[in-house]
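Below is one structure, written out as structure tokens; comments come after it.
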Amino acid sequence: MRKVFSRNLDLTLILIAGYFLLAFIVRIFRSSALEIDETQQALLSQHLLLGYGSQPFLYTWLQHGVNVLVGPSIASLSLLKNGLLFLCCLFFWLTARLLLRDRTLANIATLGVLTMPTVFVMAQRDLTHTVLALFSVALFSYALFMTLKAPNVGGYLLTGLAIGIGAIAKYNFVFVPLAAVVAIAMDKELRQRLFDWRMLLTIGAAVALVLPHCLWVVNHFDIATTQTTREMRDISDSTTLYAVDGSLDLLLAFLKGVALPSAICAALYFRDIKTILRASDQSTRLVGRIILFSMIFVLLMVLAMEITHMRQKWLAVYVLLWPLYLCLKVQAAGLSGERKLKPMLTSTFTLAIGFLGVLLARGLVSPHFERYSLVHIPYDGFAETLRHEGPFKPDYVIAFGGLAGGNLKIQFPDAMVVTTDTDIETIPALWPAGAVILLVDTKDDGESPEDFKDALASLAERVSLPAPTDIRHVNVPYGASGRSHTFYYSLETAQSN
């Protein structure tokens, strides 16, 4: 097996592509209901805007494009996510091949991406914008190191495009190119690359992509910043110790992100750990400094903004290069990766495929043990109940919240779904005459509230519709023990004005 992979290293990429294909298939089968981030994309991708609350627009625009091609569905949501993750691994592999003379080490570094919890756990469970940011880091790294190795107009231009893509993918990406500038400036041999006239191409390309969204942020600053700031601060704590709390949380999140790939590398090279730790060359210093200064910038942000809470997924873009850094240290120590590829393949796919099995069991098996979550709410059963009553194709669906709205968009892909989110949606002042409108609400626990008629009346009022008169409810069975989930709804036909 070792000889096979040594002679045809592209087999590793094929296996990685196969893993993401498997992840795509598993997502389709494990649940007909959506996770939180998935519901947001199902809803937001109905609209092409320059900003969506606290997130830039690029991921949602890409999701809109995929939906146009294949239709809104769980398959379209999973296709975009796993496609971007594979492209992330592809450009990471290309970057590794630029810097690592031993091609088996390049494969080991790329497999290391799949051992990062953000990639094989969080992304497969429910991430969107972070996935695009990871791809952006991989693309930027490839463009950067290609340009440093053989500077040309195309390389500088691609680097600028990668920076622009990353900035409109997720805001925290911007620390990565800033850290790269500092890291390059500290290297005497590479410093001249920063003063090359072609840097104007890099800056111009990045600005051209980012400027429209920057103008949107200026005009919607509160919308763009309030939610993220609230998530990063614990208002119940005293702010006198925010620096300590935030710094410790940052350190812990970083250690969580790098612990598993570091442990696997240590297990593969346990006899040479001291040699690897002491080894250093230009590439290890450059990549290490990019990671280090990225984290320093985050720490400065923690201190400046009085942040007390830092999630591991927020640091994913800064630690993506960690497996590459480890393999560069191995190379600097004069060690080979040939005999380590097979155990690396075994450990990587055991972890990655094992967690896909966990997700599949969570969706299909856990209800048999009375363990339920949001992905078990039977929106598909509700939609099927309505269709069973006769031909049913609503023009609009008015849902009380984003969770219900996103799921109902998947069940009624041709309908425009409205949740009265005034920051995103434009609610018609006059509904088209004859339009079939479904108003629907449900509680996450599936219980029927006593005032569901008032709730639907309030919902109708918020979208300038008359109070519904024919309000119905349906109990949809699900699970393995006769449980049911209550939906209450009303079908209306817009009248001429």
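Labels used: A, B, ... for chains in the order of the structure tokens, numbers from 1 for residues in each chain, and numbers from 1 for ligands as shown.
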Residues of stretch 88-147 of chain A at most 12 Å from stretch 19-23 of chain A: nearest atom pair and distance in Å, only C-alpha atoms, as JSON lines:
```
{"residue": "A:Cys88", "atom": "CA", "partner": "A:Phe20", "partner_atom": "CA", "distance": 11.5}
{"residue": "A:Cys89", "atom": "CA", "partner": "A:Phe20", "partner_atom": "CA", "distance": 10.5}
{"residue": "A:Leu111", "atom": "CA", "partner": "A:Tyr19", "partner_atom": "CA", "distance": 11.2}
{"residue": "A:Leu114", "atom": "CA", "partner": "A:Tyr19", "partner_atom": "CA", "distance": 9.7}
{"residue": "A:Val119", "atom": "CA", "partner": "A:Phe20", "partner_atom": "CA", "distance": 10.9}
{"residue": "A:Phe120", "atom": "CA", "partner": "A:Ala23", "partner_atom": "CA", "distance": 9.6}
{"residue": "A:Val121", "atom": "CA", "partner": "A:Ala23", "partner_atom": "CA", "distance": 11.2}
{"residue": "A:Ala123", "atom": "CA", "partner": "A:Ala23", "partner_atom": "CA", "distance": 10.5}
{"residue": "A:Gln124", "atom": "CA", "partner": "A:Ala23", "partner_atom": "CA", "distance": 7.4}
{"residue": "A:Arg125", "atom": "CA", "partner": "A:Ala23", "partner_atom": "CA", "distance": 10.2}
```
Self-check item: A:Arg371 environment, 12 Å, only C-alpha atoms, sequence neighbours closer than 4 positions dropped, as number ranges by chain
Solution: A: 361-367, 375-376, 479-481, 483
Could you turn the residues from that selection into a file that holds N, CA and C atoms, as a short mmCIF file (atom, residue, chain, number, x, y, z; two decimals), in the first residue's frame?
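Full text of again.cif as output:
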```
data_model
loop_
_atom_site.label_atom_id
_atom_site.label_comp_id
_atom_site.auth_asym_id
_atom_site.auth_seq_id
_atom_site.Cartn_x
_atom_site.Cartn_y
_atom_site.Cartn_z
N ALA A 361 -26.37 8.15 13.11
CA ALA A 361 -27.08 7.52 14.23
C ALA A 361 -27.91 8.56 14.98
N ARG A 362 -27.38 9.76 15.11
CA ARG A 362 -28.13 10.83 15.78
C ARG A 362 -29.44 11.12 15.06
N GLY A 363 -29.40 11.06 13.73
CA GLY A 363 -30.61 11.34 12.97
C GLY A 363 -31.57 10.18 12.90
N LEU A 364 -31.04 8.95 12.71
CA LEU A 364 -31.91 7.80 12.44
C LEU A 364 -32.15 6.90 13.65
N VAL A 365 -31.18 6.79 14.52
CA VAL A 365 -31.27 5.81 15.60
C VAL A 365 -31.71 6.42 16.93
N SER A 366 -31.26 7.63 17.22
CA SER A 366 -31.54 8.21 18.54
C SER A 366 -33.03 8.31 18.88
N PRO A 367 -33.94 8.55 17.91
CA PRO A 367 -35.36 8.57 18.28
C PRO A 367 -35.85 7.25 18.89
N VAL A 375 -33.50 18.44 14.55
CA VAL A 375 -33.51 17.77 13.25
C VAL A 375 -34.57 16.68 13.16
N HIS A 376 -35.29 16.44 14.25
CA HIS A 376 -36.34 15.43 14.22
C HIS A 376 -37.75 16.04 14.11
N GLY A 479 -40.95 9.77 15.32
CA GLY A 479 -40.24 8.99 16.33
C GLY A 479 -40.76 7.57 16.39
N ALA A 480 -40.35 6.85 17.44
CA ALA A 480 -40.66 5.43 17.54
C ALA A 480 -41.63 5.10 18.66
N SER A 481 -42.17 6.12 19.34
CA SER A 481 -43.01 5.82 20.49
C SER A 481 -44.34 6.59 20.46
N ARG A 483 -44.95 9.66 19.47
CA ARG A 483 -44.91 11.11 19.71
C ARG A 483 -45.56 11.83 18.54
#
```
Self-check item: Within 8 Å of A:Ala243 using only C-alpha atoms, minus same-chain residues under 2 positions, as a ChimeraX atom specification
Solution: /A:240-241,245-247,302-303,306-308
With C-alpha atoms kept, could you save the residues just selected as a PDB file, in the first residue's frame?
```pdb
ATOM      1  CA  THR A 240     -13.123  44.029  35.443  1.00  0.00           C
ATOM      2  CA  LEU A 241     -11.693  40.607  34.604  1.00  0.00           C
ATOM      3  CA  ASP A 245     -11.462  35.674  30.904  1.00  0.00           C
ATOM      4  CA  GLY A 246     -11.123  36.512  27.222  1.00  0.00           C
ATOM      5  CA  SER A 247      -7.428  35.634  27.034  1.00  0.00           C
ATOM      6  CA  VAL A 302     -10.182  40.535  22.726  1.00  0.00           C
ATOM      7  CA  LEU A 303      -8.572  43.218  24.862  1.00  0.00           C
ATOM      8  CA  GLU A 306     -13.645  43.509  26.108  1.00  0.00           C
ATOM      9  CA  ILE A 307     -14.463  40.064  24.716  1.00  0.00           C
ATOM     10  CA  THR A 308     -15.004  37.348  27.319  1.00  0.00           C
TER      11      THR A 308
END
```
Quiz item: Could you name the residues that touch stretch 403-417 of chain A at 9 Å or less, counting only C-alpha atoms, but leaving out those on the same chain fewer than 6 positions away, as a ChimeraX atom specification?
Solution: /A:32-36,38-44,46,71-74,374,379-380,383-384,393-397,440-444
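Atom CA of A:Arg193 lies 24.6 Å from atom CA of A:Asn172.
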Practice problem: Counting only C-alpha atoms, figure out which residue out of A:Trp322, A:Leu85, A:Leu148, A:Leu300 gets nearest to A:Arg191. | Solution: A:Leu148
Self-check item: Closest of A:Thr115, A:Asn82, A:Asn107, A:Ser464 to A:Leu260 - atom-to-atom distances counting only C-alpha atoms
Solution: A:Thr115
Exercise. Excluding stretch 209-217 of chain A and any residue of its chain fewer than 5 positions from it, enumerate the residues within 10 Å of it, using only C-alpha atoms, and give them as a PyMOL selection string.
Key: chain A and resi 49-51+53-54+56-58+160-168+204+222-225
Keeping only C-alpha atoms, write the selected residues to a file as an mmCIF file, in the first residue's frame.
```
data_model
loop_
_atom_site.group_PDB
_atom_site.id
_atom_site.type_symbol
_atom_site.label_atom_id
_atom_site.label_comp_id
_atom_site.auth_asym_id
_atom_site.auth_seq_id
_atom_site.Cartn_x
_atom_site.Cartn_y
_atom_site.Cartn_z
ATOM 1 C CA LEU A 49 -28.150 41.372 -0.753
ATOM 2 C CA LEU A 50 -24.771 42.944 -0.005
ATOM 3 C CA GLY A 51 -24.979 41.885 3.627
ATOM 4 C CA GLY A 53 -26.983 40.712 9.430
ATOM 5 C CA SER A 54 -23.651 39.910 11.058
ATOM 6 C CA PRO A 56 -20.920 38.969 4.671
ATOM 7 C CA PHE A 57 -22.777 37.946 1.567
ATOM 8 C CA LEU A 58 -20.570 35.577 -0.402
ATOM 9 C CA GLY A 160 -5.487 39.920 -3.989
ATOM 10 C CA LEU A 161 -8.518 38.011 -5.238
ATOM 11 C CA ALA A 162 -8.069 35.467 -2.440
ATOM 12 C CA ILE A 163 -7.909 38.252 0.145
ATOM 13 C CA GLY A 164 -11.072 39.808 -1.248
ATOM 14 C CA ILE A 165 -12.893 36.467 -1.297
ATOM 15 C CA GLY A 166 -11.887 35.787 2.299
ATOM 16 C CA ALA A 167 -12.994 39.224 3.487
ATOM 17 C CA ILE A 168 -16.480 38.809 2.043
ATOM 18 C CA GLY A 204 -6.550 46.654 -6.227
ATOM 19 C CA ASP A 222 -25.236 48.230 13.929
ATOM 20 C CA ILE A 223 -26.730 45.297 12.041
ATOM 21 C CA ALA A 224 -23.277 44.073 10.990
ATOM 22 C CA THR A 225 -21.697 44.204 14.458
#
```
Practice problem: Would you mind listing what lies within 12 Å of A:Arg278 as JSON, numbers by chain, with only C-alpha atoms counted and same-chain residues fewer than 2 positions away left out? | Solution: {"A": [272, 273, 274, 275, 276, 280, 281, 284, 285, 329, 330, 331, 332, 333, 334]}
Selection above as a file: all heavy atoms, as a compact mmCIF listing (two decimals), in the first residue's frame:
```txt
# COMPACT_ATOMS: atom_id res chain seq x y z
N ASP A 272 11.07 10.94 17.55
CA ASP A 272 11.82 12.10 17.04
C ASP A 272 11.23 13.43 17.50
O ASP A 272 11.49 14.46 16.88
CB ASP A 272 11.84 12.06 15.51
CG ASP A 272 12.41 10.77 14.97
OD1 ASP A 272 13.61 10.54 15.17
OD2 ASP A 272 11.64 10.00 14.36
N ILE A 273 10.43 13.42 18.55
CA ILE A 273 9.74 14.64 18.96
C ILE A 273 10.72 15.75 19.30
O ILE A 273 10.55 16.90 18.87
CB ILE A 273 8.81 14.34 20.16
CG1 ILE A 273 7.63 13.47 19.70
CG2 ILE A 273 8.28 15.64 20.76
CD1 ILE A 273 6.69 13.07 20.81
N LYS A 274 11.75 15.45 20.05
CA LYS A 274 12.71 16.48 20.43
C LYS A 274 13.41 17.07 19.21
O LYS A 274 13.60 18.29 19.12
CB LYS A 274 13.75 15.90 21.40
CG LYS A 274 13.19 15.57 22.78
CD LYS A 274 14.30 15.07 23.70
CE LYS A 274 13.76 14.76 25.08
NZ LYS A 274 14.82 14.28 26.01
N THR A 275 13.77 16.22 18.28
CA THR A 275 14.41 16.71 17.05
C THR A 275 13.48 17.61 16.26
O THR A 275 13.90 18.66 15.75
CB THR A 275 14.85 15.52 16.17
OG1 THR A 275 15.69 14.65 16.93
CG2 THR A 275 15.60 15.99 14.94
N ILE A 276 12.22 17.21 16.16
CA ILE A 276 11.23 18.01 15.42
C ILE A 276 11.00 19.35 16.09
O ILE A 276 10.92 20.39 15.42
CB ILE A 276 9.90 17.22 15.30
CG1 ILE A 276 10.10 15.99 14.41
CG2 ILE A 276 8.80 18.11 14.75
CD1 ILE A 276 8.92 15.05 14.39
N SER A 280 14.11 23.90 12.46
CA SER A 280 13.56 25.16 11.95
C SER A 280 14.21 25.50 10.62
O SER A 280 15.36 25.16 10.37
CB SER A 280 13.80 26.29 12.96
OG SER A 280 13.29 27.51 12.47
N ASP A 281 13.44 26.13 9.75
CA ASP A 281 13.97 26.68 8.51
C ASP A 281 13.08 27.85 8.10
O ASP A 281 12.17 28.25 8.83
CB ASP A 281 14.07 25.62 7.41
CG ASP A 281 12.73 24.97 7.08
OD1 ASP A 281 11.68 25.53 7.48
OD2 ASP A 281 12.72 23.92 6.41
N THR A 284 9.22 26.98 8.01
CA THR A 284 8.58 26.80 9.33
C THR A 284 8.42 28.13 10.03
O THR A 284 7.41 28.38 10.68
CB THR A 284 9.40 25.84 10.21
OG1 THR A 284 10.70 26.39 10.45
CG2 THR A 284 9.54 24.49 9.57
N ARG A 285 9.44 28.98 9.91
CA ARG A 285 9.34 30.30 10.56
C ARG A 285 8.23 31.13 9.94
O ARG A 285 7.47 31.80 10.65
CB ARG A 285 10.68 31.03 10.47
CG ARG A 285 11.77 30.43 11.35
CD ARG A 285 12.98 31.34 11.40
NE ARG A 285 13.64 31.43 10.11
CZ ARG A 285 14.60 30.61 9.68
NH1 ARG A 285 15.00 29.62 10.46
NH2 ARG A 285 15.17 30.78 8.50
N LYS A 329 7.94 21.21 10.08
CA LYS A 329 8.89 20.92 11.16
C LYS A 329 9.51 19.53 10.97
O LYS A 329 10.71 19.33 11.20
CB LYS A 329 8.19 21.01 12.51
CG LYS A 329 7.69 22.39 12.89
CD LYS A 329 8.81 23.27 13.41
CE LYS A 329 9.16 22.90 14.84
NZ LYS A 329 10.18 23.82 15.40
N VAL A 330 8.68 18.58 10.56
CA VAL A 330 9.19 17.24 10.29
C VAL A 330 10.22 17.28 9.17
O VAL A 330 11.29 16.65 9.25
CB VAL A 330 8.03 16.28 9.93
CG1 VAL A 330 8.56 14.94 9.43
CG2 VAL A 330 7.12 16.08 11.13
N GLN A 331 9.92 18.02 8.11
CA GLN A 331 10.87 18.14 7.00
C GLN A 331 12.16 18.80 7.45
O GLN A 331 13.26 18.36 7.08
CB GLN A 331 10.22 18.94 5.87
CG GLN A 331 11.17 19.23 4.71
CD GLN A 331 10.48 19.94 3.56
OE1 GLN A 331 9.98 19.31 2.64
NE2 GLN A 331 10.44 21.26 3.61
N ALA A 332 12.04 19.87 8.24
CA ALA A 332 13.24 20.56 8.72
C ALA A 332 14.10 19.66 9.58
O ALA A 332 15.33 19.85 9.66
CB ALA A 332 12.82 21.82 9.50
N ALA A 333 13.48 18.68 10.22
CA ALA A 333 14.23 17.73 11.04
C ALA A 333 14.88 16.64 10.20
O ALA A 333 15.57 15.77 10.75
CB ALA A 333 13.30 17.10 12.08
N GLY A 334 14.67 16.68 8.90
CA GLY A 334 15.28 15.70 8.01
C GLY A 334 14.59 14.35 8.00
O GLY A 334 15.20 13.34 7.64
```
